[in-house]
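Down below is the structure, laid out as structure tokens.
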Amino acid sequence: MAAMIRLFRSSSSSYSRYLSTAAVSETVKSQSYPRNPVTTNVEPKGKTVQWVFLGCPGVGKGTYASRLSTLLGVPHIATGDLVRDELKSSGSLSKQLAEIVNQGKLVSDEIILNLLSKRLENGEAKGEAGFILDGFPRTVRQAEILTEVTDIDLVVNLKLPESVLVEKCLGRRICSECGKNFNVASIDVAGENGAPRITMAPLNPPTQCISKLITRADDTEDIVKERLRIYWDKSQPVEDFYRSQGKLLEFDLPGGIPESWPKLLEVLNLDEQEHKLSAAA
């Protein structure tokens with residue numbers, strides 16, 4: 001982890017110089033990921049994983065990554081959260097970030113690497129090991145930098161149709177008092193071209209939060225569609241980067257959490273692990 005911090009610091013100031021380490025995880029070494037069950041030997045709270053979650057804005061990366069983080073006992077590091085935390089601060093980056101986010105643009109590599117290095121440094125001080133990265137890498141350059149210092153075990157690419165993604169983003173709400181996230185969208189999209197029907201029930205807030213709900217500044221239709229366009233332009237090379245290494249698992253979400261979570265665990269060969277953890281609780 002320390003080597004990653006040093007490299008991210010170096011990269012955020014100069015992309016032409018690299019530091020190298022050997023930080024190899026022995027958790028996942030499957031030869032064929034796409035749409036096939038992944039062979040894992042992961043024990044919750046035991047071995048360390050080094051996973052990446054890819055997917056369009058609003059697809060639910062944070063939801064599934066955070067659940068796996070709890071199941072496996074490793075930190076969930078979401079660059080989107082790092083950006084939002086910085087926006088709330090009075091730091092020197094907050095004004096610059098506000099302009100970028102409100103225009104639906106991607107935050108630069110330099111800024112992301114700066115924020116991520118700080119997060120890793122704080123985690124190292126707390127004794128963290130392993131990670132599930134959410135929102136990083138978003139460019140091939142970032143993926144190459146990450147490869148210089150660690151061996152990513154698995155890259156999970158979550159997928160949903162554009163119409164569903166737009167509805168989900170426009171339905172997102174945050175309680176201004178407790179900070180919890182909700183979604184008022186009720187999604188029911190008929191399947192096309194052989195694709196299954198997708199339904200997602202709303203995630204409604206409790207009574208005490210209803211009057212305090214706010215919408216993120218970047219959750220307007222125009223900005224959401226622009227974010228999706230930018231993401232797709234940038235994401236394909238990153239997907240190809242990991243696909244060529246046999247590390248990309250493409251997972252089409254069949255619906256909301258009740259439908260998708262069990263199937264994702266099954267694909268990752270972690271369904272039995274959740275049963276064990278639940279039984280021990």
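If you're wondering about the labels, chains in the structure tokens are A, B, ... by order shown, residues count from 1 in each chain, ligands from 1 in order shown.
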
Would you please give, as a VMD selection string, all residues of stretch 119-189 of chain A that DSSP assigns to strand (DSSP E) based on the backbone?
chain A and resid 131 to 134 154 to 159 172 to 175 181 to 183 187 to 189

For those residues, write N, CA and C atoms to a file as a PDB file, in the first residue's frame.
ATOM      1  N   PHE A 131      -8.277  -3.857  -1.171  1.00  0.00           N
ATOM      2  CA  PHE A 131      -9.213  -2.787  -1.495  1.00  0.00           C
ATOM      3  C   PHE A 131     -10.192  -3.253  -2.562  1.00  0.00           C
ATOM      4  N   ILE A 132     -11.293  -2.554  -2.635  1.00  0.00           N
ATOM      5  CA  ILE A 132     -12.186  -2.621  -3.784  1.00  0.00           C
ATOM      6  C   ILE A 132     -12.310  -1.192  -4.288  1.00  0.00           C
ATOM      7  N   LEU A 133     -11.727  -0.920  -5.450  1.00  0.00           N
ATOM      8  CA  LEU A 133     -11.734   0.419  -6.023  1.00  0.00           C
ATOM      9  C   LEU A 133     -12.998   0.622  -6.854  1.00  0.00           C
ATOM     10  N   ASP A 134     -13.608   1.763  -6.679  1.00  0.00           N
ATOM     11  CA  ASP A 134     -14.862   2.090  -7.352  1.00  0.00           C
ATOM     12  C   ASP A 134     -14.685   3.464  -8.003  1.00  0.00           C
ATOM     13  N   LEU A 154      -9.237  -8.829 -10.158  1.00  0.00           N
ATOM     14  CA  LEU A 154     -10.495  -8.945 -10.887  1.00  0.00           C
ATOM     15  C   LEU A 154     -11.079  -7.564 -11.147  1.00  0.00           C
ATOM     16  N   VAL A 155     -11.663  -7.392 -12.342  1.00  0.00           N
ATOM     17  CA  VAL A 155     -12.332  -6.147 -12.703  1.00  0.00           C
ATOM     18  C   VAL A 155     -13.776  -6.481 -13.058  1.00  0.00           C
ATOM     19  N   VAL A 156     -14.709  -5.990 -12.253  1.00  0.00           N
ATOM     20  CA  VAL A 156     -16.134  -6.266 -12.462  1.00  0.00           C
ATOM     21  C   VAL A 156     -16.756  -5.078 -13.179  1.00  0.00           C
ATOM     22  N   ASN A 157     -17.315  -5.318 -14.365  1.00  0.00           N
ATOM     23  CA  ASN A 157     -17.922  -4.269 -15.167  1.00  0.00           C
ATOM     24  C   ASN A 157     -19.442  -4.417 -15.105  1.00  0.00           C
ATOM     25  N   LEU A 158     -20.106  -3.569 -14.311  1.00  0.00           N
ATOM     26  CA  LEU A 158     -21.556  -3.618 -14.157  1.00  0.00           C
ATOM     27  C   LEU A 158     -22.225  -2.892 -15.323  1.00  0.00           C
ATOM     28  N   LYS A 159     -23.309  -3.483 -15.849  1.00  0.00           N
ATOM     29  CA  LYS A 159     -23.916  -2.929 -17.058  1.00  0.00           C
ATOM     30  C   LYS A 159     -25.431  -2.807 -16.926  1.00  0.00           C
ATOM     31  N   ARG A 172     -32.315   9.816  -8.003  1.00  0.00           N
ATOM     32  CA  ARG A 172     -31.482   9.829  -6.797  1.00  0.00           C
ATOM     33  C   ARG A 172     -31.812  11.026  -5.902  1.00  0.00           C
ATOM     34  N   ARG A 173     -31.865  10.752  -4.599  1.00  0.00           N
ATOM     35  CA  ARG A 173     -32.102  11.800  -3.612  1.00  0.00           C
ATOM     36  C   ARG A 173     -31.181  11.559  -2.411  1.00  0.00           C
ATOM     37  N   ILE A 174     -30.821  12.627  -1.746  1.00  0.00           N
ATOM     38  CA  ILE A 174     -29.979  12.561  -0.552  1.00  0.00           C
ATOM     39  C   ILE A 174     -30.681  13.307   0.567  1.00  0.00           C
ATOM     40  N   CYS A 175     -30.688  12.732   1.766  1.00  0.00           N
ATOM     41  CA  CYS A 175     -31.238  13.428   2.923  1.00  0.00           C
ATOM     42  C   CYS A 175     -30.217  14.452   3.398  1.00  0.00           C
ATOM     43  N   ASN A 181     -28.596   7.959   1.145  1.00  0.00           N
ATOM     44  CA  ASN A 181     -29.029   8.019  -0.247  1.00  0.00           C
ATOM     45  C   ASN A 181     -30.306   7.217  -0.459  1.00  0.00           C
ATOM     46  N   PHE A 182     -31.192   7.766  -1.295  1.00  0.00           N
ATOM     47  CA  PHE A 182     -32.447   7.095  -1.635  1.00  0.00           C
ATOM     48  C   PHE A 182     -32.688   7.240  -3.131  1.00  0.00           C
ATOM     49  N   ASN A 183     -33.713   6.567  -3.633  1.00  0.00           N
ATOM     50  CA  ASN A 183     -34.043   6.687  -5.053  1.00  0.00           C
ATOM     51  C   ASN A 183     -35.551   6.564  -5.215  1.00  0.00           C
ATOM     52  N   ILE A 187     -38.687   1.793 -11.793  1.00  0.00           N
ATOM     53  CA  ILE A 187     -38.239   1.449 -13.142  1.00  0.00           C
ATOM     54  C   ILE A 187     -38.849   0.134 -13.608  1.00  0.00           C
ATOM     55  N   ASP A 188     -39.390   0.161 -14.808  1.00  0.00           N
ATOM     56  CA  ASP A 188     -39.954  -1.044 -15.422  1.00  0.00           C
ATOM     57  C   ASP A 188     -39.729  -0.925 -16.929  1.00  0.00           C
ATOM     58  N   VAL A 189     -38.672  -1.551 -17.407  1.00  0.00           N
ATOM     59  CA  VAL A 189     -38.277  -1.440 -18.820  1.00  0.00           C
ATOM     60  C   VAL A 189     -38.428  -2.790 -19.499  1.00  0.00           C
TER      61      VAL A 189
END

Neighbouring residues of stretch 257-266 of chain A were defined as those with any atom within 10 Å, considering only C-alpha atoms; residues of the same chain fewer than 4 positions away were excluded. Please report them as number ranges by chain.
A: 37-38, 60, 63-64, 67-68, 156, 158, 198-201, 251-253, 270-274

Preceding selection exported with C-alpha atoms as a PDB file, in the first residue's frame:
ATOM      1  CA  PRO A  37     -18.210 -17.942 -13.063  1.00  0.00           C
ATOM      2  CA  VAL A  38     -14.982 -16.733 -11.490  1.00  0.00           C
ATOM      3  CA  GLY A  60     -24.715   0.987  -8.709  1.00  0.00           C
ATOM      4  CA  THR A  63     -23.834  -0.224  -3.696  1.00  0.00           C
ATOM      5  CA  TYR A  64     -22.368  -3.567  -4.750  1.00  0.00           C
ATOM      6  CA  ARG A  67     -21.592  -4.802   0.175  1.00  0.00           C
ATOM      7  CA  LEU A  68     -18.642  -6.883  -1.011  1.00  0.00           C
ATOM      8  CA  VAL A 156     -16.134  -6.266 -12.462  1.00  0.00           C
ATOM      9  CA  LEU A 158     -21.556  -3.618 -14.157  1.00  0.00           C
ATOM     10  CA  ILE A 198     -35.638  -4.906 -15.983  1.00  0.00           C
ATOM     11  CA  THR A 199     -37.599  -3.795 -12.934  1.00  0.00           C
ATOM     12  CA  MET A 200     -36.329  -1.788  -9.978  1.00  0.00           C
ATOM     13  CA  ALA A 201     -38.480  -0.747  -7.055  1.00  0.00           C
ATOM     14  CA  PHE A 251     -22.126  -8.477 -15.401  1.00  0.00           C
ATOM     15  CA  ASP A 252     -25.517  -7.381 -16.768  1.00  0.00           C
ATOM     16  CA  LEU A 253     -27.610  -6.339 -13.789  1.00  0.00           C
ATOM     17  CA  LEU A 270     -19.195 -16.022  -2.923  1.00  0.00           C
ATOM     18  CA  ASP A 271     -22.775 -17.110  -2.265  1.00  0.00           C
ATOM     19  CA  GLU A 272     -21.671 -19.751   0.231  1.00  0.00           C
ATOM     20  CA  GLN A 273     -19.441 -17.239   1.966  1.00  0.00           C
ATOM     21  CA  GLU A 274     -22.368 -14.929   2.647  1.00  0.00           C
TER      22      GLU A 274
END

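Proximity to A:Leu87 was assessed for A:Asn102, A:Asn269, A:Gln142, A:Thr150 counting only C-alpha atoms; the smallest distance is recorded for A:Asn102.
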
Restrict the calculation to only C-alpha atoms, then for each residue of stretch 36-130 of chain A with any atom at most 12 Å from an atom of stretch 233-242 of chain A give the closest atom pair and their distance in Å to one decimal, rows by chain and rising residue number, as a Markdown table.
| residue | atom | partner | partner_atom | distance |
| --- | --- | --- | --- | --- |
| A:Trp51 | CA | A:Tyr242 | CA | 11.8 |
| A:Val52 | CA | A:Tyr242 | CA | 10.3 |
| A:Phe53 | CA | A:Glu239 | CA | 10.9 |
| A:Leu54 | CA | A:Glu239 | CA | 8.4 |
| A:Gly55 | CA | A:Ser235 | CA | 8.3 |
| A:Cys56 | CA | A:Ser235 | CA | 8.6 |
| A:Pro57 | CA | A:Ser235 | CA | 11.4 |
| A:Lys105 | CA | A:Lys234 | CA | 11.6 |
| A:Leu106 | CA | A:Lys234 | CA | 9.6 |

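The space separating atom CA of A:Arg229 from atom CA of A:Leu213 comes to 27.6 Å.
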
Run DSSP on the backbone and grab whatever in stretch 85-173 of chain A lands in helix (DSSP H, G or I); send it over as a PyMOL selection string.
chain A and resi 85-88+94-102+109-125+140-149+162-171

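Pairwise distance (atom CA of A:Val101, atom CA of A:Ile223) equals 9.2 Å.
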
Identify which of the residues A:Pro137, A:Pro254, A:Asp219, A:Lys88 lies closest to A:Ala195, counting only C-alpha atoms when measuring atom-to-atom distances.
A:Pro254

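From atom CA of A:Asp151 back to atom CA of A:Gln50, the distance works out to 7.4 Å.
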